[in-house]
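Reproduced below: upload-v4.pdb, with PDB, C-alpha atoms and all ligand atoms.
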ATOM      1  CA  MET D   1      61.422  50.299 107.409
ATOM      2  CA  THR D   2      57.939  51.175 108.487
ATOM      3  CA  SER D   3      55.584  52.797 106.044
ATOM      4  CA  GLU D   4      54.854  56.429 106.555
ATOM      5  CA  SER D   5      51.739  57.693 108.299
ATOM      6  CA  ASN D   6      50.477  60.096 105.726
ATOM      7  CA  LYS D   7      48.899  62.919 107.756
ATOM      8  CA  GLY D   8      47.777  64.962 104.772
ATOM      9  CA  THR D   9      51.284  65.601 103.398
ATOM     10  CA  PRO D  10      52.227  64.332  99.926
ATOM     11  CA  PHE D  11      53.138  60.651 100.119
ATOM     12  CA  VAL D  12      56.844  59.985 100.045
ATOM     13  CA  PRO D  13      57.922  56.427 100.918
ATOM     14  CA  PHE D  14      59.734  56.320 104.240
ATOM     15  CA  THR D  15      62.747  54.663 102.600
ATOM     16  CA  ALA D  16      62.998  57.547 100.133
ATOM     17  CA  ARG D  17      62.822  60.050 103.018
ATOM     18  CA  VAL D  18      65.631  58.233 104.831
ATOM     19  CA  MET D  19      67.743  58.287 101.650
ATOM     20  CA  ALA D  20      67.053  62.008 101.367
ATOM     21  CA  ALA D  21      68.068  62.506 105.015
ATOM     22  CA  ILE D  22      71.402  60.851 104.278
ATOM     23  CA  ARG D  23      71.908  62.970 101.149
ATOM     24  CA  ALA D  24      71.035  66.121 103.080
ATOM     25  CA  ALA D  25      73.555  65.265 105.813
ATOM     26  CA  GLU D  26      76.214  64.483 103.207
ATOM     27  CA  SER D  27      75.535  67.783 101.434
ATOM     28  CA  ASP D  28      76.225  69.615 104.710
ATOM     29  CA  ARG D  29      79.720  68.191 105.055
ATOM     30  CA  PRO D  30      82.622  70.442 104.045
ATOM     31  CA  ASP D  31      84.152  67.423 102.272
ATOM     32  CA  ARG D  32      80.828  66.412 100.684
ATOM     33  CA  LEU D  33      80.826  63.754  97.970
ATOM     34  CA  PHE D  34      78.000  65.604  96.193
ATOM     35  CA  ASP D  35      75.641  68.458  96.792
ATOM     36  CA  ASP D  36      71.921  67.737  96.827
ATOM     37  CA  PRO D  37      70.334  71.023  97.888
ATOM     38  CA  TYR D  38      66.835  69.569  97.389
ATOM     39  CA  ALA D  39      67.150  66.636  99.786
ATOM     40  CA  GLN D  40      66.442  68.609 102.959
ATOM     41  CA  GLN D  41      62.818  69.309 102.041
ATOM     42  CA  PHE D  42      61.926  65.604 102.245
ATOM     43  CA  VAL D  43      63.504  65.054 105.628
ATOM     44  CA  THR D  44      61.201  64.412 108.578
ATOM     45  CA  PRO D  45      62.100  63.959 112.262
ATOM     46  CA  GLU D  46      61.168  60.278 111.884
ATOM     47  CA  ALA D  47      63.560  59.879 108.946
ATOM     48  CA  ILE D  48      66.392  61.517 110.921
ATOM     49  CA  ALA D  49      65.653  59.330 113.942
ATOM     50  CA  PHE D  50      65.731  56.215 111.778
ATOM     51  CA  LYS D  51      68.957  57.325 110.088
ATOM     52  CA  ASP D  52      70.709  58.125 113.365
ATOM     53  CA  GLU D  53      69.329  55.474 115.680
ATOM     54  CA  GLN D  54      68.500  52.432 113.593
ATOM     55  CA  LEU D  55      70.550  52.586 110.448
ATOM     56  CA  GLN D  56      74.040  51.181 110.871
ATOM     57  CA  LEU D  57      76.841  53.693 110.293
ATOM     58  CA  ILE D  58      78.118  51.611 107.401
ATOM     59  CA  ASP D  59      74.765  51.893 105.665
ATOM     60  CA  ARG D  60      74.698  55.674 105.991
ATOM     61  CA  GLN D  61      78.176  55.779 104.490
ATOM     62  CA  TYR D  62      77.103  53.272 101.872
ATOM     63  CA  VAL D  63      74.184  55.408 100.661
ATOM     64  CA  ALA D  64      76.367  58.516 100.297
ATOM     65  CA  VAL D  65      79.124  56.639  98.464
ATOM     66  CA  ARG D  66      76.545  54.940  96.247
ATOM     67  CA  ALA D  67      75.066  58.281  95.204
ATOM     68  CA  ARG D  68      78.508  59.541  94.210
ATOM     69  CA  PHE D  69      79.347  56.294  92.390
ATOM     70  CA  LEU D  70      76.219  56.707  90.260
ATOM     71  CA  ASP D  71      76.784  60.453  89.762
ATOM     72  CA  ASP D  72      80.253  59.627  88.438
ATOM     73  CA  LEU D  73      78.880  56.911  86.181
ATOM     74  CA  ILE D  74      76.424  59.369  84.651
ATOM     75  CA  ALA D  75      79.152  61.999  84.253
ATOM     76  CA  SER D  76      81.324  59.457  82.410
ATOM     77  CA  TYR D  77      78.691  58.698  79.783
ATOM     78  CA  VAL D  78      76.474  61.798  79.488
ATOM     79  CA  PRO D  79      77.521  63.218  77.088
ATOM     80  CA  PRO D  80      77.921  61.563  74.608
ATOM     81  CA  LEU D  81      74.754  59.678  75.625
ATOM     82  CA  THR D  82      71.659  61.853  75.860
ATOM     83  CA  GLN D  83      69.118  59.562  77.506
ATOM     84  CA  ILE D  84      68.946  58.635  81.207
ATOM     85  CA  VAL D  85      66.286  56.479  82.885
ATOM     86  CA  ILE D  86      66.114  56.346  86.679
ATOM     87  CA  LEU D  87      63.962  53.444  87.908
ATOM     88  CA  GLY D  88      62.539  53.696  91.436
ATOM     89  CA  ALA D  89      63.667  57.325  91.423
ATOM     90  CA  GLY D  90      62.116  58.289  94.749
ATOM     91  CA  MET D  91      63.255  61.827  95.622
ATOM     92  CA  ASP D  92      66.329  61.599  93.361
ATOM     93  CA  ALA D  93      67.099  65.191  92.277
ATOM     94  CA  ARG D  94      69.695  64.469  89.592
ATOM     95  CA  ALA D  95      67.526  66.143  86.950
ATOM     96  CA  PHE D  96      67.849  69.347  88.964
ATOM     97  CA  ARG D  97      71.290  69.151  90.517
ATOM     98  CA  LEU D  98      73.649  67.585  87.957
ATOM     99  CA  PRO D  99      75.274  69.850  85.359
ATOM    100  CA  LEU D 100      73.991  67.824  82.405
ATOM    101  CA  PRO D 101      73.797  69.092  78.817
ATOM    102  CA  ASP D 102      70.351  70.574  78.195
ATOM    103  CA  LYS D 103      69.760  68.222  75.255
ATOM    104  CA  THR D 104      69.669  65.347  77.755
ATOM    105  CA  THR D 105      66.330  63.668  78.442
ATOM    106  CA  LEU D 106      65.999  62.165  81.899
ATOM    107  CA  TYR D 107      63.080  59.851  82.701
ATOM    108  CA  GLU D 108      62.110  59.127  86.297
ATOM    109  CA  LEU D 109      59.830  56.199  87.068
ATOM    110  CA  ASP D 110      58.240  55.414  90.408
ATOM    111  CA  GLN D 111      54.875  54.545  91.872
ATOM    112  CA  ALA D 112      52.047  56.941  91.014
ATOM    113  CA  GLU D 113      51.697  58.434  94.479
ATOM    114  CA  VAL D 114      55.456  59.000  94.726
ATOM    115  CA  ILE D 115      55.550  60.774  91.370
ATOM    116  CA  GLU D 116      52.549  62.851  92.370
ATOM    117  CA  ALA D 117      54.225  63.946  95.601
ATOM    118  CA  LYS D 118      57.484  64.664  93.834
ATOM    119  CA  GLU D 119      55.810  66.847  91.235
ATOM    120  CA  SER D 120      54.277  68.950  93.982
ATOM    121  CA  TYR D 121      57.689  69.454  95.628
ATOM    122  CA  PHE D 122      59.498  70.314  92.398
ATOM    123  CA  GLN D 123      56.781  72.257  90.595
ATOM    124  CA  HIS D 124      58.600  75.602  90.870
ATOM    125  CA  ILE D 125      62.097  74.306  90.182
ATOM    126  CA  GLU D 126      63.521  74.298  86.665
ATOM    127  CA  PRO D 127      65.277  71.035  85.742
ATOM    128  CA  GLN D 128      68.692  71.126  84.012
ATOM    129  CA  VAL D 129      67.394  68.704  81.384
ATOM    130  CA  ASN D 130      64.255  67.592  79.590
ATOM    131  CA  ARG D 131      62.738  65.775  82.559
ATOM    132  CA  GLN D 132      59.901  63.278  82.186
ATOM    133  CA  ALA D 133      58.350  61.871  85.358
ATOM    134  CA  ILE D 134      56.353  58.686  84.774
ATOM    135  CA  ALA D 135      54.009  56.951  87.187
ATOM    136  CA  ALA D 136      54.701  53.245  86.817
ATOM    137  CA  ASP D 137      54.548  50.138  88.933
ATOM    138  CA  LEU D 138      57.768  48.445  87.889
ATOM    139  CA  THR D 139      56.345  45.020  88.718
ATOM    140  CA  GLN D 140      53.764  45.546  85.958
ATOM    141  CA  PRO D 141      54.363  46.190  82.228
ATOM    142  CA  TRP D 142      55.894  49.676  81.858
ATOM    143  CA  LYS D 143      57.605  49.645  78.469
ATOM    144  CA  ALA D 144      54.743  51.438  76.691
ATOM    145  CA  LEU D 145      54.655  54.183  79.338
ATOM    146  CA  LEU D 146      58.275  55.042  78.653
ATOM    147  CA  LEU D 147      57.870  54.934  74.867
ATOM    148  CA  GLU D 148      54.802  57.199  75.082
ATOM    149  CA  GLN D 149      56.936  59.868  76.759
ATOM    150  CA  GLY D 150      59.376  59.923  73.843
ATOM    151  CA  TYR D 151      61.967  57.354  74.941
ATOM    152  CA  GLN D 152      64.077  56.318  71.951
ATOM    153  CA  PRO D 153      65.085  52.640  72.184
ATOM    154  CA  GLU D 154      67.514  52.979  69.265
ATOM    155  CA  ASN D 155      69.628  55.450  71.280
ATOM    156  CA  PRO D 156      71.934  54.078  73.982
ATOM    157  CA  THR D 157      70.697  54.898  77.467
ATOM    158  CA  VAL D 158      72.081  55.207  80.971
ATOM    159  CA  TRP D 159      69.877  53.206  83.363
ATOM    160  CA  ILE D 160      70.096  53.912  87.095
ATOM    161  CA  MET D 161      68.589  51.678  89.796
ATOM    162  CA  GLU D 162      69.704  53.026  93.155
ATOM    163  CA  GLY D 163      68.377  51.154  96.172
ATOM    164  CA  LEU D 164      65.662  49.498  94.127
ATOM    165  CA  LEU D 165      66.391  45.892  93.240
ATOM    166  CA  MET D 166      66.484  44.563  96.805
ATOM    167  CA  TYR D 167      62.868  45.702  97.259
ATOM    168  CA  LEU D 168      61.706  43.513  94.363
ATOM    169  CA  THR D 169      61.364  39.728  94.366
ATOM    170  CA  GLU D 170      63.745  37.636  92.273
ATOM    171  CA  THR D 171      61.032  37.110  89.668
ATOM    172  CA  GLU D 172      60.332  40.843  89.527
ATOM    173  CA  VAL D 173      64.045  41.631  89.105
ATOM    174  CA  HIS D 174      64.207  39.196  86.191
ATOM    175  CA  GLN D 175      61.156  40.817  84.571
ATOM    176  CA  LEU D 176      62.637  44.268  85.084
ATOM    177  CA  LEU D 177      65.981  43.287  83.567
ATOM    178  CA  GLN D 178      64.183  41.726  80.606
ATOM    179  CA  THR D 179      62.175  44.890  79.963
ATOM    180  CA  LEU D 180      65.070  47.320  80.266
ATOM    181  CA  SER D 181      67.282  45.056  78.162
ATOM    182  CA  ASP D 182      64.646  44.945  75.410
ATOM    183  CA  LEU D 183      64.725  48.760  75.482
ATOM    184  CA  SER D 184      68.526  49.066  75.444
ATOM    185  CA  ALA D 185      70.560  49.717  72.321
ATOM    186  CA  PRO D 186      74.140  48.354  72.316
ATOM    187  CA  GLU D 187      76.527  50.534  74.373
ATOM    188  CA  SER D 188      73.759  51.379  76.835
ATOM    189  CA  ILE D 189      75.034  51.650  80.409
ATOM    190  CA  LEU D 190      73.486  50.374  83.602
ATOM    191  CA  GLY D 191      74.374  51.384  87.156
ATOM    192  CA  CYS D 192      72.809  49.848  90.243
ATOM    193  CA  ASP D 193      73.395  48.214  93.559
ATOM    194  CA  MET D 194      72.345  44.756  94.538
ATOM    195  CA  LEU D 195      72.541  42.437  97.536
ATOM    196  CA  GLY D 196      73.851  38.889  97.661
ATOM    197  CA  LYS D 197      71.467  36.300  99.056
ATOM    198  CA  ALA D 198      73.125  36.335 102.486
ATOM    199  CA  GLY D 199      72.339  40.037 102.785
ATOM    200  CA  ILE D 200      68.568  39.568 102.682
ATOM    201  CA  ASP D 201      68.405  38.211 106.214
ATOM    202  CA  TYR D 202      70.929  40.581 107.796
ATOM    203  CA  ALA D 203      69.389  40.931 111.266
ATOM    204  CA  PRO D 204      68.922  44.717 111.614
ATOM    205  CA  TYR D 205      66.976  44.893 108.353
ATOM    206  CA  ARG D 206      65.331  41.472 108.327
ATOM    207  CA  GLY D 207      62.032  41.680 106.487
ATOM    208  CA  TYR D 208      62.840  44.758 104.383
ATOM    209  CA  PHE D 209      64.658  43.173 101.493
ATOM    210  CA  LYS D 210      63.176  40.661  99.092
ATOM    211  CA  SER D 211      65.984  39.575  96.791
ATOM    212  CA  GLY D 212      69.685  39.065  96.468
ATOM    213  CA  PHE D 213      71.777  37.392  93.777
ATOM    214  CA  ASP D 214      74.884  35.312  94.345
ATOM    215  CA  ASN D 215      76.130  35.372  90.764
ATOM    216  CA  PRO D 216      75.301  38.880  89.585
ATOM    217  CA  ILE D 217      77.778  38.915  86.692
ATOM    218  CA  ALA D 218      76.085  35.847  85.211
ATOM    219  CA  LEU D 219      72.683  37.404  85.884
ATOM    220  CA  PHE D 220      73.535  40.534  83.874
ATOM    221  CA  SER D 221      75.268  38.459  81.223
ATOM    222  CA  SER D 222      72.099  36.404  80.683
ATOM    223  CA  TYR D 223      70.360  39.654  79.613
ATOM    224  CA  GLY D 224      73.198  40.735  77.300
ATOM    225  CA  TRP D 225      75.186  42.993  79.662
ATOM    226  CA  GLN D 226      78.867  42.887  80.501
ATOM    227  CA  ALA D 227      78.954  43.879  84.148
ATOM    228  CA  SER D 228      81.642  44.714  86.646
ATOM    229  CA  ILE D 229      81.454  44.855  90.428
ATOM    230  CA  THR D 230      82.729  47.699  92.578
ATOM    231  CA  GLU D 231      82.969  46.830  96.266
ATOM    232  CA  SER D 232      81.371  49.714  98.128
ATOM    233  CA  SER D 233      84.208  49.769 100.663
ATOM    234  CA  ASN D 234      86.807  50.147  97.903
ATOM    235  CA  CYS D 235      84.738  52.914  96.360
ATOM    236  CA  SER D 236      84.640  54.671  99.742
ATOM    237  CA  VAL D 237      88.430  54.491 100.029
ATOM    238  CA  SER D 238      88.919  55.743  96.479
ATOM    239  CA  LEU D 239      86.797  58.769  97.420
ATOM    240  CA  GLY D 240      88.974  59.490 100.446
ATOM    241  CA  ARG D 241      86.589  58.006 102.991
ATOM    242  CA  PRO D 242      87.229  55.149 105.457
ATOM    243  CA  PRO D 243      86.796  51.526 104.401
ATOM    244  CA  PHE D 244      83.569  49.910 105.571
ATOM    245  CA  GLU D 245      83.775  47.473 108.458
ATOM    246  CA  PRO D 246      82.803  43.914 107.538
ATOM    247  CA  THR D 247      79.108  43.320 108.239
ATOM    248  CA  PRO D 248      78.932  40.774 111.088
ATOM    249  CA  GLY D 249      77.589  37.477 109.847
ATOM    250  CA  VAL D 250      77.396  38.530 106.214
ATOM    251  CA  PRO D 251      80.082  37.368 103.758
ATOM    252  CA  VAL D 252      81.343  40.044 101.371
ATOM    253  CA  GLU D 253      79.321  38.584  98.482
ATOM    254  CA  GLY D 254      76.167  38.997 100.577
ATOM    255  CA  ARG D 255      76.698  42.690 101.133
ATOM    256  CA  ALA D 256      75.246  45.198  98.772
ATOM    257  CA  ARG D 257      77.682  46.053  96.016
ATOM    258  CA  PHE D 258      77.770  48.485  93.135
ATOM    259  CA  PHE D 259      77.482  47.398  89.519
ATOM    260  CA  SER D 260      78.120  49.034  86.215
ATOM    261  CA  ALA D 261      77.374  47.247  82.976
ATOM    262  CA  THR D 262      77.497  47.807  79.236
ATOM    263  CA  LYS D 263      74.936  46.374  76.816
ATOM    264  CA  LEU D 264      76.641  44.138  74.289
ATOM    265  CA  PRO D 265      75.720  44.211  70.577
TER     266      PRO D 265
HETATM  267  C1  LIG D 301      64.941  53.019  98.844
HETATM  268  S1  LIG D 301      63.962  54.012  97.802
HETATM  269  C2  LIG D 301      65.245  54.652  96.767
HETATM  270  C3  LIG D 301      64.825  55.885  96.048
HETATM  271  C4  LIG D 301      65.928  56.580  95.236
HETATM  272  N1  LIG D 301      66.418  55.736  94.162
HETATM  273  C5  LIG D 301      67.036  57.020  96.146
HETATM  274  O1  LIG D 301      68.128  56.445  96.085
HETATM  275  O2  LIG D 301      66.824  57.928  96.933
HETATM  276  C6  LIG D 301      63.173  52.825  96.746
HETATM  277  C7  LIG D 301      62.258  53.441  95.705
HETATM  278  O3  LIG D 301      61.797  52.410  94.843
HETATM  279  C8  LIG D 301      60.443  52.647  94.568
HETATM  280  N2  LIG D 301      59.795  51.382  94.231
HETATM  281  C9  LIG D 301      59.771  50.248  94.967
HETATM  282  N3  LIG D 301      58.999  49.322  94.361
HETATM  283  C10 LIG D 301      58.535  49.900  93.213
HETATM  284  C11 LIG D 301      57.674  49.456  92.177
HETATM  285  N4  LIG D 301      57.138  48.241  92.189
HETATM  286  N5  LIG D 301      57.401  50.307  91.171
HETATM  287  C12 LIG D 301      57.929  51.552  91.139
HETATM  288  N6  LIG D 301      58.759  52.019  92.098
HETATM  289  C13 LIG D 301      59.048  51.213  93.127
HETATM  290  C14 LIG D 301      59.890  53.208  95.869
HETATM  291  O4  LIG D 301      58.667  53.898  95.662
HETATM  292  C15 LIG D 301      61.028  54.105  96.309
HETATM  293  O5  LIG D 301      60.903  55.415  95.811
END
How does this structure look as structure tokens?
Amino acid sequence: MTSESNKGTPFVPFTARVMAAIRAAESDRPDRLFDDPYAQQFVTPEAIAFKDEQLQLIDRQYVAVRARFLDDLIASYVPPLTQIVILGAGMDARAFRLPLPDKTTLYELDQAEVIEAKESYFQHIEPQVNRQAIAADLTQPWKALLLEQGYQPENPTVWIMEGLLMYLTETEVHQLLQTLSDLSAPESILGCDMLGKAGIDYAPYRGYFKSGFDNPIALFSSYGWQASITESSNCSVSLGRPPFEPTPGVPVEGRARFFSATKLP
């Protein structure tokens, strides 16, 4: 996806605007999978054009189903858990839209200019939780930044990485998993999506994605997590939506899939 021309408006990555456009459209449906009343403000004509004209239908459906999958994961574990960290948060509005207990602390990490833009959009909106927005390049050391904001590594955490890992190189994903695993008490939960290697070169999006993993269960296991895979198409069906068509030329393991994982003792 092309980067945004910035024209004096707060910088929001184009990918994050497209995600917001999909969440806004989903929120308008009578049978919506979630309601994100804040998404509309990030939507630009360019983001709508990209969503409608260039994004495959399956990928629009995928993004909506993914958001609900991760909402449900959070709802399953918070409470009892009280700490959530969203990496590559973009314009994620969960701190504002989910009915979380007010003793929850939710950390959002993204690039400095994204956090700056987000703060300007949300400055007059009261979060449901103790929200901490942190400017961090996730390819650089970020552990101290989280700890400085009060993160408690001894408390189990819910980690969310929604549409993030495929934008990092394999080496950067490994570094990220190492850092978050070092910060995760046993019984921490992780929810994310990830591509297989064959998905990186899928023609319509060639050049956007940097990494995919063909043995994701072993990858998570090597950092101390017991992971399970949810096929996005199955998740769609379980939510009352149509199954996703196979992606031409991409085996099922290459397609992006959803993961949930538990940190082992
Ligand atoms: C596709 S967007 C997804 C945003 C959000 N999770 C969502 O689903 O709407 C990817 C996000 O990852 C962030 N990101 C990518 N590389 C990053 C990095 N090195 N450090 C911090 N954030 C990064 C981008 O700024 C962007 O907000």
What does the PyMOL selection byres (((chain D and resi 117-128) around 10) and not hetatm) select in this file, as an mmCIF file with C-alpha atoms, in the coordinates of the input?
data_model
loop_
_atom_site.group_PDB
_atom_site.id
_atom_site.type_symbol
_atom_site.label_atom_id
_atom_site.label_comp_id
_atom_site.auth_asym_id
_atom_site.auth_seq_id
_atom_site.Cartn_x
_atom_site.Cartn_y
_atom_site.Cartn_z
ATOM 1 C CA THR D 9 51.284 65.601 103.398
ATOM 2 C CA PRO D 10 52.227 64.332 99.926
ATOM 3 C CA PHE D 11 53.138 60.651 100.119
ATOM 4 C CA VAL D 12 56.844 59.985 100.045
ATOM 5 C CA PRO D 13 57.922 56.427 100.918
ATOM 6 C CA TYR D 38 66.835 69.569 97.389
ATOM 7 C CA GLN D 41 62.818 69.309 102.041
ATOM 8 C CA PHE D 42 61.926 65.604 102.245
ATOM 9 C CA ALA D 89 63.667 57.325 91.423
ATOM 10 C CA GLY D 90 62.116 58.289 94.749
ATOM 11 C CA MET D 91 63.255 61.827 95.622
ATOM 12 C CA ASP D 92 66.329 61.599 93.361
ATOM 13 C CA ALA D 93 67.099 65.191 92.277
ATOM 14 C CA ARG D 94 69.695 64.469 89.592
ATOM 15 C CA ALA D 95 67.526 66.143 86.950
ATOM 16 C CA PHE D 96 67.849 69.347 88.964
ATOM 17 C CA ARG D 97 71.290 69.151 90.517
ATOM 18 C CA LEU D 98 73.649 67.585 87.957
ATOM 19 C CA PRO D 99 75.274 69.850 85.359
ATOM 20 C CA LEU D 100 73.991 67.824 82.405
ATOM 21 C CA PRO D 101 73.797 69.092 78.817
ATOM 22 C CA ASP D 102 70.351 70.574 78.195
ATOM 23 C CA LYS D 103 69.760 68.222 75.255
ATOM 24 C CA THR D 104 69.669 65.347 77.755
ATOM 25 C CA THR D 105 66.330 63.668 78.442
ATOM 26 C CA LEU D 106 65.999 62.165 81.899
ATOM 27 C CA ASP D 110 58.240 55.414 90.408
ATOM 28 C CA ALA D 112 52.047 56.941 91.014
ATOM 29 C CA GLU D 113 51.697 58.434 94.479
ATOM 30 C CA VAL D 114 55.456 59.000 94.726
ATOM 31 C CA ILE D 115 55.550 60.774 91.370
ATOM 32 C CA GLU D 116 52.549 62.851 92.370
ATOM 33 C CA VAL D 129 67.394 68.704 81.384
ATOM 34 C CA ASN D 130 64.255 67.592 79.590
ATOM 35 C CA ARG D 131 62.738 65.775 82.559
ATOM 36 C CA ALA D 133 58.350 61.871 85.358
#
Taking only C-alpha atoms and all ligand atoms into account, which of D:Ala227, D:Leu168, D:Leu195, D:Leu180 comes nearest ligand LIG 301 (chain D)?
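Looking only at the distances to ligand LIG 301 (chain D), the closest residue turns out to be D:Leu168.
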Counting all atoms listed in the file, the residue of D:Ala135, D:Leu176, D:Val63, D:Ile229 that sits nearest Val252 in chain D:
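Nearest to Val252 in chain D: D:Ile229.
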Check which residues satisfy the PyMOL selection byres (((not hetatm)) within 10 of (chain D and resi 301)) in the file shown, then give them as a PyMOL selection string.
chain D and resi 1+11-23+39+63-64+66-67+70+86-93+108-115+134-140+142+160-169+172+176+192
Atomic distance CA of Ala75 in chain D - CA of Tyr223 in chain D, expressed in Å with one decimal:
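If I compute the distance from CA of Ala75 in chain D to CA of Tyr223 in chain D, I get 24.5 Å.
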When distances are computed from only C-alpha atoms, which of D:Asp28, D:Glu245, D:Glu148, D:Asp201 shows the smallest separation from Ile58 in chain D?
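Answer, going by the shortest atom-to-atom distance: D:Glu245.
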Go ahead and compute the interatomic distance for CA of Ile200 in chain D and CA of Asn234 in chain D, in Å to one decimal.
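For CA of Ile200 in chain D relative to CA of Asn234 in chain D, the distance reads 21.6 Å.
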Quick one: of D:Ala203, D:Leu55, D:Ala261, D:Ile74, who's nearest to Gly249 in chain D, counting all atoms listed in the file?
D:Ala203
Residues at most 12 Å from Phe220 in chain D, counting all atoms listed in the file, excluding those fewer than 2 positions away in the same chain, as a VMD selection string?
chain D and resid 173 to 174 176 to 178 180 to 181 189 to 192 194 213 to 218 222 to 229 259 to 264
Please write as a PyMOL selection string the full residue list that the PyMOL selection byres (((chain D and resi 204) around 12) and not hetatm) yields on this file.
chain D and resi 1+50+53-56+59+199-203+205-209+247-250
With only C-alpha atoms as the atoms that count, which of D:Gly212, D:Pro265, D:Pro80, D:Pro251 lies nearest to Thr157 in chain D?
D:Pro80
For each of D:Val85, D:Ala256, D:Ala49, D:Leu239, take the minimum atom-to-atom distance to Arg32 in chain D, counting all atoms listed in the file, then give the residue where this is smallest.
D:Leu239
d(CA of Pro242 in chain D, CA of Asp35 in chain D) in Å
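Answer for the CA of Pro242 in chain D to CA of Asp35 in chain D separation: 19.7 Å.
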